[in-house]
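Let me begin by presenting the structure, written as structure tokens, before commenting on it.
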Amino acid sequence: MAVDAETQFHVLAVDDSLIDRKLIERLLKNSSYQVTTVDSGSKALELLGLRDEETDPPSASLEQQEIEVNLIITDYCMPGMTGYDLLKRIKGSSSLKDIPVVIMSSENVPSRINRCLEGGAEEFFLKPVQLSDMKKLKPHLLKGKSKEHQQETEQEQEQEDNNNISSSSSSSTDSNTSINNSNKRKAMDEGLSPEGTSSNTTNGNKKRKAIDGGGLSLERTRPRFSSSSLTVV
Amino acid sequence: MALLALKEQLNVLLNSMFAEGLLDQQFQQLQMLQDGSSPGFVAEVITLFCEDSERILTELSKLLEQQVVDYQKVDAYVHQLKGSSASVGAQNVKLACAQFRQFYEENNKEGCIRALNVVKHEFYRVRNKFDNMFQLEQRIQAYDAKQQN
């Protein structure tokens with residue numbers, strides 16, 4: 001079994017509406033993602049291991065659950081912490097900033113959309129979210145994986161370099177890796193234009209190659225405690 | 001054959017709901033999401049929608065009975081109902097909620113009460129049809145189960 005293609009991605013979905021949580025959960029599971037849903041931004045942060053320092057004192061709470069997620073999809077309009085607030089908290093955290101964040105909203109407000117994209121959101125989906133929107137998640141998830149994989153590959157290569165006398169073999173591997181990554185980035189850049197216009201909404205002009213991936217269809221919803229994201233399930 | 005007749009009835013019912021604007025394309029999305037691993041998905045979501053909507057409509061009625069209406073709360077509830085009806089494809093309810101908005105933006109109490117009645121009317125209309133739909137589905141499933149024995 002190939003390592004990359006079959007590793008299941010874990011998505012954290014945040015929405016205060018129960019119906020929308022059910023819907024997004026089904027959409028994500030249908031796309032073979034593992035899903036955890038929460039009803040607020042603060043719960044999301046808690047789950048991710050980032051305490052809300054305004055309300056909780058940083059006392060030793062060894063009970064704290066920490067899960068690893070590959071993508072966060074959140075509603076914009078929520079009481080208390082909005083989706084935008086959550087986005088800023090995540091992007092402002094050294095441990096979480098690399099997790100791609102997608103924002104959903106029932107309202108098509110261009111200034112809101114731009115604000116979110118400029119704030120670091122990868123995508124903005126108009127609600128109700130559609131099956132076709134799920135395809136837009138894959139590039140962001142793969143980018144995350146390839147980044148980690150690249151880091152791991154670099155680490156392995158460092159070890160190799162230490163062992164090898166000739167460095168020619170490792171340098172060709174290097175260029176292969178970087179070509180692959182730049183292709184993926186290109187596929188993203190074609191679609192993603194942060195300086196969006198009013199037409200830059202979910203159903204809008206983000207044409208992307210649908211990257212096919214398998215993914216295991218395990219129906220687990222309980223958080224996974226894994227230290228390595230390349231754990232093959 | 002009774003089973004075919006039931007299936008035909010269900011088809012006619014669904015088609016009429018789409019044709020009359022009670023349902024839109026989003027409901028078809030729900031149907032597409034229902035599969036072997038989640039056979040009760042549509043029923044679950046629609047049931048949640050109906051319960052949730054009842055609760056919201058009750059709260060809205062209470063709010064509009066007050067001497068001084070808290071329009072912010074009214075807005076919050078209508079926004080919620082608009083969102084959930086959009087999510088399940090209950091088009092007429094969604095549209096009625098959108099129209100409701102203009103009245104509380106004007107702080108027009110009479111207008112709000114009338115708009116609420118329209119929302120209620122549309123909700124009860126679609127809920128009745130959903131009830132019919134589920135009854136037919138259950139009867140069809142019972143038939144299928146029998147035939148397999």
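In the structure tokens, chains take letters A, B, ... by order of appearance, with residues numbered from 1 within each chain and ligands from 1 in the order shown.
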
Subject >> Residues within 12 Å of Leu48 of chain B, only C-alpha atoms, excluding chain neighbours under 6 positions, as a PyMOL selection string >> reply: (chain A and resi 17-23) or (chain B and resi 41-42+54-55+81+84-85+87-88+127)

Output as CSV one row per residue of chain B within 12 Å of chain A: the closest atom pair and its distance in Å to one decimal place, counting only C-alpha atoms, sorted by chain and residue number ascending.
residue,atom,partner,partner_atom,distance
B:Asp24,CA,A:Pro128,CA,11.8
B:Gln25,CA,A:Gln130,CA,10.4
B:Gln26,CA,A:Pro128,CA,7.6
B:Phe27,CA,A:Pro128,CA,10.6
B:Gln28,CA,A:Gln130,CA,10.6
B:Gln29,CA,A:Gln130,CA,7.2
B:Leu30,CA,A:Leu23,CA,8.1
B:Gln31,CA,A:Arg26,CA,11.4
B:Met32,CA,A:Leu131,CA,8.9
B:Leu33,CA,A:Arg26,CA,6.9
B:Gln34,CA,A:Arg26,CA,8.6
B:Asp35,CA,A:Asn30,CA,9.1
B:Gly36,CA,A:Asn30,CA,10.9
B:Ser37,CA,A:Glu219,CA,8.8
B:Ser38,CA,A:Arg26,CA,8.4
B:Pro39,CA,A:Arg26,CA,11.5
B:Gly40,CA,A:Arg26,CA,11.5
B:Phe41,CA,A:Arg26,CA,8.3
B:Val42,CA,A:Leu23,CA,9.8
B:Ala43,CA,A:Lys22,CA,11.9
B:Glu44,CA,A:Lys22,CA,9.0
B:Val45,CA,A:Ile19,CA,6.4
B:Ile46,CA,A:Ile19,CA,8.8
B:Thr47,CA,A:Ile19,CA,9.8
B:Leu48,CA,A:Ile19,CA,6.8
B:Phe49,CA,A:Ile19,CA,6.9
B:Cys50,CA,A:Ile19,CA,10.6
B:Glu51,CA,A:Ile19,CA,10.8
B:Asp52,CA,A:Ile19,CA,8.9
B:Ser53,CA,A:Ile19,CA,11.0
B:Ala76,CA,A:Pro79,CA,10.1
B:Tyr77,CA,A:Ser17,CA,11.7
B:His79,CA,A:Ser106,CA,9.5
B:Gln80,CA,A:Ser17,CA,7.9
B:Leu81,CA,A:Ser17,CA,10.1
B:Lys82,CA,A:Ser106,CA,9.2
B:Gly83,CA,A:Ser106,CA,6.7
B:Ser84,CA,A:Ile19,CA,6.5
B:Ser85,CA,A:Ile19,CA,9.5
B:Ala86,CA,A:Pro128,CA,6.5
B:Ser87,CA,A:Pro128,CA,5.1
B:Val88,CA,A:Ile19,CA,8.3
B:Gly89,CA,A:Pro128,CA,9.0
B:Ala90,CA,A:Pro128,CA,11.8
B:Lys94,CA,A:Ser106,CA,11.7
B:Ala98,CA,A:Glu107,CA,11.8

**OP:** Once DSSP has gone over the backbone, tell me which residues of segment 1-147 of chain B are in alpha helix (DSSP H), as a PyMOL selection string.
**Re:** chain B and resi 2-19+25-33+41-65+71-88+91-105+109-147

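Of note, atom CA of Asp131 of chain B and atom CA of Leu14 of chain B are spaced 11.9 Å apart.
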